[in-house]
$ cat query_28.cif   # mmCIF, C-alpha atoms
data_model
#
loop_
_atom_site.group_PDB
_atom_site.id
_atom_site.type_symbol
_atom_site.label_atom_id
_atom_site.label_comp_id
_atom_site.auth_asym_id
_atom_site.auth_seq_id
_atom_site.Cartn_x
_atom_site.Cartn_y
_atom_site.Cartn_z
ATOM 1 C CA MET A 14 29.536 -19.383 -0.057
ATOM 2 C CA LYS A 15 31.179 -21.641 -2.613
ATOM 3 C CA SER A 16 34.906 -22.121 -2.970
ATOM 4 C CA ALA A 17 37.394 -23.645 -5.396
ATOM 5 C CA VAL A 18 40.915 -25.016 -5.043
ATOM 6 C CA VAL A 19 43.354 -24.754 -7.952
ATOM 7 C CA LEU A 20 45.386 -27.915 -8.542
ATOM 8 C CA LEU A 21 48.763 -27.883 -10.248
ATOM 9 C CA PRO A 22 51.419 -30.591 -10.494
ATOM 10 C CA GLY A 23 53.834 -30.318 -7.579
ATOM 11 C CA LEU A 24 51.486 -28.633 -5.120
ATOM 12 C CA ASN A 25 51.341 -30.605 -1.857
ATOM 13 C CA ARG A 26 49.124 -28.550 0.474
ATOM 14 C CA ASP A 27 46.012 -28.938 -1.660
ATOM 15 C CA ARG A 28 44.478 -31.568 0.640
ATOM 16 C CA ASP A 29 45.074 -29.351 3.676
ATOM 17 C CA MET A 30 43.286 -26.508 1.898
ATOM 18 C CA ILE A 31 40.396 -28.732 0.842
ATOM 19 C CA ALA A 32 40.084 -30.038 4.430
ATOM 20 C CA ALA A 33 40.138 -26.509 5.898
ATOM 21 C CA LEU A 34 37.535 -25.155 3.464
ATOM 22 C CA THR A 35 35.315 -28.204 3.982
ATOM 23 C CA LYS A 36 35.504 -28.018 7.778
ATOM 24 C CA ILE A 37 34.945 -24.280 7.981
ATOM 25 C CA SER A 38 32.278 -23.824 5.300
ATOM 26 C CA GLY A 39 30.625 -27.232 5.638
ATOM 27 C CA THR A 40 30.836 -27.744 1.879
ATOM 28 C CA PRO A 41 33.740 -29.315 -0.015
ATOM 29 C CA PRO A 42 35.344 -26.918 -2.514
ATOM 30 C CA VAL A 43 35.336 -27.696 -6.216
ATOM 31 C CA THR A 44 38.754 -28.433 -7.679
ATOM 32 C CA VAL A 45 40.075 -27.015 -10.941
ATOM 33 C CA TRP A 46 43.040 -28.425 -12.861
ATOM 34 C CA GLN A 47 45.882 -26.476 -14.468
ATOM 35 C CA THR A 48 44.512 -26.951 -17.995
ATOM 36 C CA ASP A 49 40.964 -25.836 -17.134
ATOM 37 C CA THR A 50 40.066 -22.628 -18.927
ATOM 38 C CA GLU A 51 36.939 -21.984 -16.903
ATOM 39 C CA ILE A 52 36.268 -21.921 -13.187
ATOM 40 C CA PRO A 53 32.755 -22.689 -11.893
ATOM 41 C CA ASP A 54 30.729 -19.971 -10.226
ATOM 42 C CA VAL A 55 32.356 -19.601 -6.784
ATOM 43 C CA ASP A 56 32.903 -16.808 -4.257
ATOM 44 C CA LEU A 57 36.443 -17.770 -3.280
ATOM 45 C CA ILE A 58 39.307 -19.326 -5.250
ATOM 46 C CA THR A 59 42.329 -20.644 -3.332
ATOM 47 C CA ILE A 60 45.769 -21.546 -4.653
ATOM 48 C CA PRO A 61 47.469 -23.848 -2.140
ATOM 49 C CA GLY A 62 51.124 -24.266 -1.264
ATOM 50 C CA GLY A 63 53.725 -26.695 -2.514
ATOM 51 C CA PHE A 64 56.312 -26.771 -5.252
ATOM 52 C CA SER A 65 54.429 -26.374 -8.528
ATOM 53 C CA PHE A 66 56.534 -27.544 -11.477
ATOM 54 C CA GLY A 67 59.374 -28.321 -9.083
ATOM 55 C CA ASP A 68 60.052 -24.607 -8.529
ATOM 56 C CA TYR A 69 61.798 -24.676 -11.939
ATOM 57 C CA LEU A 70 62.948 -21.308 -13.337
ATOM 58 C CA ARG A 71 61.491 -19.328 -10.400
ATOM 59 C CA CYS A 72 58.975 -20.395 -7.756
ATOM 60 C CA GLY A 73 55.519 -20.145 -9.297
ATOM 61 C CA ALA A 74 56.786 -18.917 -12.683
ATOM 62 C CA ILE A 75 55.603 -21.853 -14.793
ATOM 63 C CA ALA A 76 52.320 -22.265 -12.901
ATOM 64 C CA ALA A 77 51.518 -18.592 -13.440
ATOM 65 C CA ARG A 78 51.537 -19.191 -17.225
ATOM 66 C CA MET A 79 49.113 -22.145 -17.152
ATOM 67 C CA PRO A 80 45.627 -21.753 -18.691
ATOM 68 C CA VAL A 81 43.867 -21.969 -15.318
ATOM 69 C CA MET A 82 45.626 -18.798 -14.180
ATOM 70 C CA ARG A 83 44.034 -16.828 -17.023
ATOM 71 C CA ALA A 84 40.692 -18.034 -15.679
ATOM 72 C CA VAL A 85 41.717 -16.984 -12.143
ATOM 73 C CA ALA A 86 42.690 -13.525 -13.448
ATOM 74 C CA GLU A 87 39.321 -13.149 -15.188
ATOM 75 C CA LYS A 88 37.445 -14.100 -12.011
ATOM 76 C CA ALA A 89 39.618 -11.780 -9.911
ATOM 77 C CA ALA A 90 38.861 -8.894 -12.278
ATOM 78 C CA LYS A 91 35.154 -9.554 -11.690
ATOM 79 C CA GLY A 92 35.669 -9.266 -7.909
ATOM 80 C CA VAL A 93 35.807 -12.959 -6.953
ATOM 81 C CA MET A 94 38.027 -13.449 -3.872
ATOM 82 C CA VAL A 95 41.369 -15.169 -4.423
ATOM 83 C CA ILE A 96 43.739 -16.444 -1.708
ATOM 84 C CA GLY A 97 47.223 -17.698 -2.576
ATOM 85 C CA VAL A 98 49.115 -19.394 0.242
ATOM 86 C CA CYS A 99 52.882 -19.938 0.090
ATOM 87 C CA ASN A 100 53.510 -21.266 -3.437
ATOM 88 C CA GLY A 101 50.069 -19.849 -4.222
ATOM 89 C CA PHE A 102 51.349 -16.382 -3.216
ATOM 90 C CA GLN A 103 54.427 -16.893 -5.404
ATOM 91 C CA ILE A 104 52.139 -17.858 -8.301
ATOM 92 C CA LEU A 105 49.970 -14.741 -7.805
ATOM 93 C CA VAL A 106 52.979 -12.391 -7.950
ATOM 94 C CA GLU A 107 54.399 -14.229 -10.973
ATOM 95 C CA ALA A 108 50.993 -13.917 -12.656
ATOM 96 C CA GLY A 109 51.009 -10.176 -11.982
ATOM 97 C CA LEU A 110 47.854 -10.366 -9.838
ATOM 98 C CA LEU A 111 49.868 -9.006 -6.912
ATOM 99 C CA PRO A 112 52.853 -6.636 -7.055
ATOM 100 C CA GLY A 113 56.444 -7.409 -6.052
ATOM 101 C CA ALA A 114 58.430 -10.627 -6.003
ATOM 102 C CA LEU A 115 59.287 -13.432 -3.572
ATOM 103 C CA MET A 116 62.977 -14.146 -3.378
ATOM 104 C CA ARG A 117 65.238 -16.697 -1.665
ATOM 105 C CA ASN A 118 65.192 -16.407 2.165
ATOM 106 C CA THR A 119 68.112 -14.280 3.339
ATOM 107 C CA SER A 120 69.267 -17.191 5.544
ATOM 108 C CA LEU A 121 69.348 -19.345 2.357
ATOM 109 C CA LYS A 122 67.628 -21.991 4.484
ATOM 110 C CA PHE A 123 64.250 -23.635 4.116
ATOM 111 C CA VAL A 124 62.276 -22.522 7.171
ATOM 112 C CA CYS A 125 59.604 -24.725 8.736
ATOM 113 C CA ARG A 126 58.396 -23.318 12.041
ATOM 114 C CA GLN A 127 55.700 -21.293 13.746
ATOM 115 C CA VAL A 128 55.812 -17.512 13.488
ATOM 116 C CA LYS A 129 53.760 -14.661 14.893
ATOM 117 C CA LEU A 130 51.752 -12.442 12.601
ATOM 118 C CA GLN A 131 50.348 -9.017 13.232
ATOM 119 C CA ILE A 132 47.061 -8.146 11.533
ATOM 120 C CA ALA A 133 48.293 -5.001 9.800
ATOM 121 C CA ASN A 134 44.904 -4.313 8.226
ATOM 122 C CA ALA A 135 41.742 -5.752 9.803
ATOM 123 C CA ASN A 136 39.529 -3.885 7.387
ATOM 124 C CA THR A 137 39.699 -6.364 4.483
ATOM 125 C CA MET A 138 37.366 -9.133 3.360
ATOM 126 C CA PHE A 139 40.006 -11.614 4.567
ATOM 127 C CA THR A 140 40.737 -10.193 8.026
ATOM 128 C CA ARG A 141 37.493 -8.603 9.259
ATOM 129 C CA ARG A 142 37.072 -11.326 11.927
ATOM 130 C CA TYR A 143 40.398 -10.287 13.493
ATOM 131 C CA GLN A 144 41.126 -7.231 15.648
ATOM 132 C CA PRO A 145 43.371 -4.480 14.266
ATOM 133 C CA GLY A 146 46.930 -5.113 15.426
ATOM 134 C CA GLN A 147 46.028 -8.548 16.808
ATOM 135 C CA ILE A 148 48.928 -10.997 17.011
ATOM 136 C CA ILE A 149 48.190 -14.525 15.813
ATOM 137 C CA ARG A 150 50.317 -17.629 15.366
ATOM 138 C CA SER A 151 50.825 -19.357 12.046
ATOM 139 C CA PRO A 152 53.060 -22.073 10.620
ATOM 140 C CA VAL A 153 55.421 -21.246 7.756
ATOM 141 C CA ALA A 154 57.308 -23.654 5.472
ATOM 142 C CA HIS A 155 59.190 -22.131 2.573
ATOM 143 C CA HIS A 156 62.542 -21.432 0.957
ATOM 144 C CA ASP A 157 61.541 -18.367 -1.061
ATOM 145 C CA GLY A 158 59.383 -16.079 1.038
ATOM 146 C CA ASN A 159 61.556 -12.996 1.073
ATOM 147 C CA TYR A 160 59.093 -10.390 -0.200
ATOM 148 C CA PHE A 161 60.602 -7.598 -2.282
ATOM 149 C CA ALA A 162 59.060 -4.595 -4.011
ATOM 150 C CA ASP A 163 60.633 -1.455 -5.410
ATOM 151 C CA ALA A 164 60.442 1.710 -3.294
ATOM 152 C CA GLU A 165 57.473 3.194 -5.164
ATOM 153 C CA THR A 166 55.420 -0.038 -4.985
ATOM 154 C CA LEU A 167 56.268 -0.376 -1.312
ATOM 155 C CA ARG A 168 55.101 3.171 -0.606
ATOM 156 C CA ARG A 169 51.813 2.427 -2.358
ATOM 157 C CA LEU A 170 51.322 -0.876 -0.481
ATOM 158 C CA GLU A 171 51.992 0.751 2.883
ATOM 159 C CA GLY A 172 50.022 3.908 2.071
ATOM 160 C CA GLU A 173 46.923 2.093 0.835
ATOM 161 C CA GLY A 174 46.768 -0.482 3.627
ATOM 162 C CA GLN A 175 47.628 -3.312 1.260
ATOM 163 C CA VAL A 176 50.031 -4.885 3.751
ATOM 164 C CA VAL A 177 47.653 -7.215 5.596
ATOM 165 C CA PHE A 178 49.947 -9.525 7.586
ATOM 166 C CA ARG A 179 53.336 -8.658 9.066
ATOM 167 C CA TYR A 180 55.761 -10.957 10.879
ATOM 168 C CA ALA A 181 55.714 -9.859 14.515
ATOM 169 C CA GLU A 182 57.893 -10.024 17.598
ATOM 170 C CA GLY A 183 61.120 -10.686 15.705
ATOM 171 C CA THR A 184 59.823 -13.818 13.966
ATOM 172 C CA ASN A 185 60.457 -12.715 10.356
ATOM 173 C CA PRO A 186 61.715 -16.046 8.947
ATOM 174 C CA ASN A 187 62.904 -14.885 5.525
ATOM 175 C CA GLY A 188 64.156 -11.279 5.592
ATOM 176 C CA SER A 189 61.128 -9.862 3.777
ATOM 177 C CA ILE A 190 61.060 -6.100 3.388
ATOM 178 C CA ASN A 191 59.083 -4.285 6.156
ATOM 179 C CA ASP A 192 58.383 -7.737 7.690
ATOM 180 C CA ILE A 193 55.709 -8.257 5.040
ATOM 181 C CA ALA A 194 54.002 -11.665 5.281
ATOM 182 C CA GLY A 195 50.873 -11.021 3.221
ATOM 183 C CA ILE A 196 49.419 -8.383 0.894
ATOM 184 C CA ILE A 197 46.210 -7.639 -1.003
ATOM 185 C CA ASN A 198 45.736 -6.079 -4.415
ATOM 186 C CA GLY A 199 44.396 -2.544 -4.895
ATOM 187 C CA GLN A 200 40.867 -3.842 -5.472
ATOM 188 C CA GLY A 201 41.065 -5.700 -2.140
ATOM 189 C CA ASN A 202 39.884 -9.104 -3.368
ATOM 190 C CA VAL A 203 43.198 -10.896 -4.028
ATOM 191 C CA LEU A 204 45.286 -11.942 -1.009
ATOM 192 C CA GLY A 205 48.708 -13.579 -1.030
ATOM 193 C CA LEU A 206 50.547 -14.734 2.090
ATOM 194 C CA MET A 207 53.512 -16.969 2.843
ATOM 195 C CA PRO A 208 52.213 -18.453 6.150
ATOM 196 C CA HIS A 209 49.797 -21.386 6.211
ATOM 197 C CA PRO A 210 46.601 -20.357 8.076
ATOM 198 C CA GLU A 211 44.895 -23.540 6.774
ATOM 199 C CA ASN A 212 47.205 -25.550 9.031
ATOM 200 C CA LEU A 213 46.002 -23.902 12.244
ATOM 201 C CA ILE A 214 42.221 -24.152 12.220
ATOM 202 C CA GLU A 215 41.310 -26.678 14.944
ATOM 203 C CA THR A 216 42.370 -28.009 18.343
ATOM 204 C CA ALA A 217 44.137 -30.973 16.761
ATOM 205 C CA HIS A 218 46.442 -28.472 15.041
ATOM 206 C CA GLY A 219 47.336 -26.912 18.396
ATOM 207 C CA GLY A 220 45.190 -23.849 17.824
ATOM 208 C CA SER A 221 42.738 -22.197 15.482
ATOM 209 C CA ASP A 222 44.390 -18.810 14.855
ATOM 210 C CA GLY A 223 44.052 -19.228 11.075
ATOM 211 C CA ARG A 224 40.359 -20.012 11.131
ATOM 212 C CA ALA A 225 39.128 -16.407 11.183
ATOM 213 C CA LEU A 226 40.793 -15.729 7.837
ATOM 214 C CA PHE A 227 38.565 -18.283 6.127
ATOM 215 C CA GLU A 228 35.554 -17.267 8.223
ATOM 216 C CA SER A 229 36.116 -13.670 7.101
ATOM 217 C CA ALA A 230 36.351 -14.633 3.427
ATOM 218 C CA LEU A 231 33.457 -17.078 3.560
ATOM 219 C CA GLY A 232 31.248 -14.750 5.591
ATOM 220 C CA ILE A 233 30.833 -17.236 8.427
ATOM 221 C CA ALA A 234 30.150 -16.029 11.945
ATOM 222 C CA ALA A 235 32.783 -17.135 14.429
ATOM 223 C CA MET B 7 68.276 -22.056 -37.304
ATOM 224 C CA ILE B 8 69.264 -19.270 -34.946
ATOM 225 C CA LYS B 9 71.015 -19.869 -31.643
ATOM 226 C CA ALA B 10 70.892 -17.320 -28.890
ATOM 227 C CA ARG B 11 72.180 -16.875 -25.392
ATOM 228 C CA ILE B 12 69.985 -15.069 -22.885
ATOM 229 C CA THR B 13 71.554 -13.772 -19.686
ATOM 230 C CA VAL B 14 69.349 -12.881 -16.740
ATOM 231 C CA THR B 15 70.821 -10.902 -13.862
ATOM 232 C CA LEU B 16 69.440 -9.319 -10.713
ATOM 233 C CA LYS B 17 68.813 -5.589 -10.886
ATOM 234 C CA ASN B 18 71.050 -3.292 -8.904
ATOM 235 C CA GLY B 19 69.762 -2.772 -5.393
ATOM 236 C CA VAL B 20 68.031 -6.167 -5.227
ATOM 237 C CA LEU B 21 69.564 -8.177 -2.409
ATOM 238 C CA ASP B 22 71.185 -11.427 -3.622
ATOM 239 C CA PRO B 23 71.696 -13.749 -0.641
ATOM 240 C CA GLN B 24 73.040 -16.528 -2.878
ATOM 241 C CA GLY B 25 75.619 -14.228 -4.449
ATOM 242 C CA LYS B 26 76.615 -13.099 -0.943
ATOM 243 C CA ALA B 27 77.119 -16.717 0.186
ATOM 244 C CA ILE B 28 79.270 -17.424 -2.885
ATOM 245 C CA GLU B 29 81.252 -14.236 -2.227
ATOM 246 C CA HIS B 30 81.983 -15.375 1.349
ATOM 247 C CA ALA B 31 82.891 -18.892 0.205
ATOM 248 C CA LEU B 32 85.388 -17.550 -2.336
ATOM 249 C CA SER B 33 87.019 -15.364 0.293
ATOM 250 C CA GLY B 34 87.102 -18.322 2.679
ATOM 251 C CA MET B 35 88.861 -20.413 0.003
ATOM 252 C CA GLY B 36 91.655 -17.905 -0.037
ATOM 253 C CA PHE B 37 90.751 -15.924 -3.161
ATOM 254 C CA ASP B 38 91.799 -12.518 -1.974
ATOM 255 C CA GLY B 39 90.253 -9.324 -3.223
ATOM 256 C CA VAL B 40 86.900 -10.784 -4.209
ATOM 257 C CA GLY B 41 84.447 -7.894 -4.398
ATOM 258 C CA GLN B 42 80.733 -8.252 -4.917
ATOM 259 C CA VAL B 43 79.432 -11.502 -6.486
ATOM 260 C CA ARG B 44 75.989 -11.553 -8.112
ATOM 261 C CA GLN B 45 74.389 -14.790 -9.288
ATOM 262 C CA GLY B 46 72.404 -14.947 -12.529
ATOM 263 C CA LYS B 47 71.021 -17.384 -15.088
ATOM 264 C CA VAL B 48 71.962 -18.282 -18.662
ATOM 265 C CA PHE B 49 69.579 -19.786 -21.244
ATOM 266 C CA ASP B 50 70.805 -21.162 -24.578
ATOM 267 C CA VAL B 51 67.850 -21.136 -26.954
ATOM 268 C CA GLU B 52 67.588 -22.611 -30.453
ATOM 269 C CA LEU B 53 65.008 -21.100 -32.776
ATOM 270 C CA ALA B 54 63.708 -22.477 -36.099
ATOM 271 C CA GLU B 55 63.838 -19.007 -37.588
ATOM 272 C CA SER B 56 66.068 -17.413 -40.199
ATOM 273 C CA ASP B 57 65.024 -13.789 -39.825
ATOM 274 C CA LYS B 58 67.355 -12.350 -37.191
ATOM 275 C CA ALA B 59 65.184 -9.346 -36.369
ATOM 276 C CA LYS B 60 62.106 -11.539 -35.900
ATOM 277 C CA ALA B 61 64.135 -13.933 -33.717
ATOM 278 C CA GLU B 62 65.364 -11.092 -31.563
ATOM 279 C CA ALA B 63 61.850 -9.732 -31.085
ATOM 280 C CA ASP B 64 60.598 -13.221 -30.146
ATOM 281 C CA LEU B 65 63.464 -13.767 -27.691
ATOM 282 C CA LYS B 66 62.758 -10.443 -26.000
ATOM 283 C CA ALA B 67 59.093 -11.353 -25.690
ATOM 284 C CA MET B 68 60.125 -14.686 -24.121
ATOM 285 C CA CYS B 69 62.225 -12.811 -21.574
ATOM 286 C CA ASP B 70 59.486 -10.324 -20.741
ATOM 287 C CA ARG B 71 56.799 -12.970 -20.435
ATOM 288 C CA LEU B 72 58.630 -15.877 -18.798
ATOM 289 C CA LEU B 73 62.414 -16.115 -18.643
ATOM 290 C CA ALA B 74 62.996 -12.987 -16.553
ATOM 291 C CA ASN B 75 60.966 -11.527 -13.702
ATOM 292 C CA THR B 76 61.354 -7.874 -14.633
ATOM 293 C CA VAL B 77 60.359 -6.790 -11.119
ATOM 294 C CA ILE B 78 63.770 -7.942 -9.920
ATOM 295 C CA GLU B 79 65.760 -8.995 -13.001
ATOM 296 C CA ASN B 80 67.355 -7.523 -16.133
ATOM 297 C CA TYR B 81 68.079 -9.571 -19.253
ATOM 298 C CA SER B 82 70.206 -9.392 -22.358
ATOM 299 C CA VAL B 83 69.817 -11.314 -25.616
ATOM 300 C CA ALA B 84 72.824 -12.234 -27.773
ATOM 301 C CA ILE B 85 72.322 -14.046 -31.066
ATOM 302 C CA THR B 86 75.370 -16.258 -31.544
#
$ encode --input "query_28.cif" --output "structure tokens"
Amino acid sequence: MKSAVVLLPGLNRDRDMIAALTKISGTPPVTVWQTDTEIPDVDLITIPGGFSFGDYLRCGAIAARMPVMRAVAEKAAKGVMVIGVCNGFQILVEAGLLPGALMRNTSLKFVCRQVKLQIANANTMFTRRYQPGQIIRSPVAHHDGNYFADAETLRRLEGEGQVVFRYAEGTNPNGSINDIAGIINGQGNVLGLMPHPENLIETAHGGSDGRALFESALGIAA
Amino acid sequence: MIKARITVTLKNGVLDPQGKAIEHALSGMGFDGVGQVRQGKVFDVELAESDKAKAEADLKAMCDRLLANTVIENYSVAIT
């Protein structure tokens, strides 16, 4: 399984993502730059976290209009897996690859802590190595993770099992609707989530709860 | 040249935590009778265009494609 990491100015979790993909798959991912119009032949594209373009206008808004995102959209349409973490999730919703919007945390504070996540759907290509309903830990670090979608979109997301991760045990850090932490698109190959599973993949991190997400996507046995 | 002012506001029903914080601050400062406060954005745009209708169409396209997130925001365009 080959993977790619999208690089944009202002992202700062790209090296964490590269390290996680390298450690879990055994092969370093290729990197693609914002101006690239083509992405090499890979099975998984990741958009890391950070503050692309300084969060100007809206988080992820400028990044979503960069040439590389057209290439990501083309790959996604062909069924290539895409994971957007944190700012990457914001970029995916701004690009229209995922529904809804990510708004300022209701506390108005930047939150940097560990939360608990419930696997709301274990029947996806990103969560098949987890148990349904399993509670895992994950770090979060964001100011705009308050997921919002209109009532009709929300009904569709909930009805079709597109809510994949939910903040559990009262740890919702941002006020997101229905405790939503991560969603997939209708086709099931594009995942966006606010938490940082790439920062909890080995003992040195204090746990490896996030590892199974990448093992699921990369088809690696645990 | 055409100058325009674009105003972007949150749709009704979309929670605005920043507006709420401002609302509370105003009340705390002693401004009585402050009702709901909603925060928005203003963009002043200059266009090298003389055709007003064309400018308006372009400005709307800019709003739809970048300046507003129509999932949560409304916009209005005023050519000044």
$ interface_residues --input "query_28.cif" --of "chain A" --to "chain B" --cutoff "12 Å" --atoms "only C-alpha atoms" --output "ChimeraX atom specification"
/A:69-79,103,106-109,111-122,157,159-166,187-190
$ write_last_selection --input "query_28.cif" --atoms "C-alpha atoms" --output "compact mmCIF listing (two decimals), keeping the file's coordinate frame"
# COMPACT_ATOMS: atom_id res chain seq x y z
CA TYR A 69 61.80 -24.68 -11.94
CA LEU A 70 62.95 -21.31 -13.34
CA ARG A 71 61.49 -19.33 -10.40
CA CYS A 72 58.98 -20.40 -7.76
CA GLY A 73 55.52 -20.14 -9.30
CA ALA A 74 56.79 -18.92 -12.68
CA ILE A 75 55.60 -21.85 -14.79
CA ALA A 76 52.32 -22.26 -12.90
CA ALA A 77 51.52 -18.59 -13.44
CA ARG A 78 51.54 -19.19 -17.23
CA MET A 79 49.11 -22.14 -17.15
CA GLN A 103 54.43 -16.89 -5.40
CA VAL A 106 52.98 -12.39 -7.95
CA GLU A 107 54.40 -14.23 -10.97
CA ALA A 108 50.99 -13.92 -12.66
CA GLY A 109 51.01 -10.18 -11.98
CA LEU A 111 49.87 -9.01 -6.91
CA PRO A 112 52.85 -6.64 -7.06
CA GLY A 113 56.44 -7.41 -6.05
CA ALA A 114 58.43 -10.63 -6.00
CA LEU A 115 59.29 -13.43 -3.57
CA MET A 116 62.98 -14.15 -3.38
CA ARG A 117 65.24 -16.70 -1.66
CA ASN A 118 65.19 -16.41 2.16
CA THR A 119 68.11 -14.28 3.34
CA SER A 120 69.27 -17.19 5.54
CA LEU A 121 69.35 -19.34 2.36
CA LYS A 122 67.63 -21.99 4.48
CA ASP A 157 61.54 -18.37 -1.06
CA ASN A 159 61.56 -13.00 1.07
CA TYR A 160 59.09 -10.39 -0.20
CA PHE A 161 60.60 -7.60 -2.28
CA ALA A 162 59.06 -4.60 -4.01
CA ASP A 163 60.63 -1.46 -5.41
CA ALA A 164 60.44 1.71 -3.29
CA GLU A 165 57.47 3.19 -5.16
CA THR A 166 55.42 -0.04 -4.99
CA ASN A 187 62.90 -14.88 5.52
CA GLY A 188 64.16 -11.28 5.59
CA SER A 189 61.13 -9.86 3.78
CA ILE A 190 61.06 -6.10 3.39
$ resolve_selection --input "query_28.cif" --expression "the PyMOL selection byres ((chain A and resi 98) around 7)" --output "list in words"
Ile60, Pro61, Gly62, Ile96, Gly97, Cys99, Asn100, Gly101, Phe102, Gly205, Leu206, Met207, Pro208 and His209 of chain A
$ resolve_selection --input "query_28.cif" --expression "the PyMOL selection byres ((chain A and resi 37) around 10)" --output "list in words"
Ala32, Ala33, Leu34, Thr35, Lys36, Ser38, Gly39, Thr40, Pro41, Ile214, Glu215, Arg224, Ala225, Phe227, Glu228, Leu231, Ile233 and Ala235 of chain A
$ closest_residue --input "query_28.cif" --among "B:Ile28, B:Gly39, B:Asp64, B:Leu16" --to "Val51 in chain B" --atoms "only C-alpha atoms"
B:Asp64
$ closest_residue --input "query_28.cif" --among "B:Ile12, B:Val40, B:Met7, B:Ala59" --to "Asn80 in chain B" --atoms "only C-alpha atoms"
B:Ile12
$ atom_distance --input "query_28.cif" --atom1 "CA of Glu182 in chain A" --atom2 "CA of Pro210 in chain A"
18.0 Å
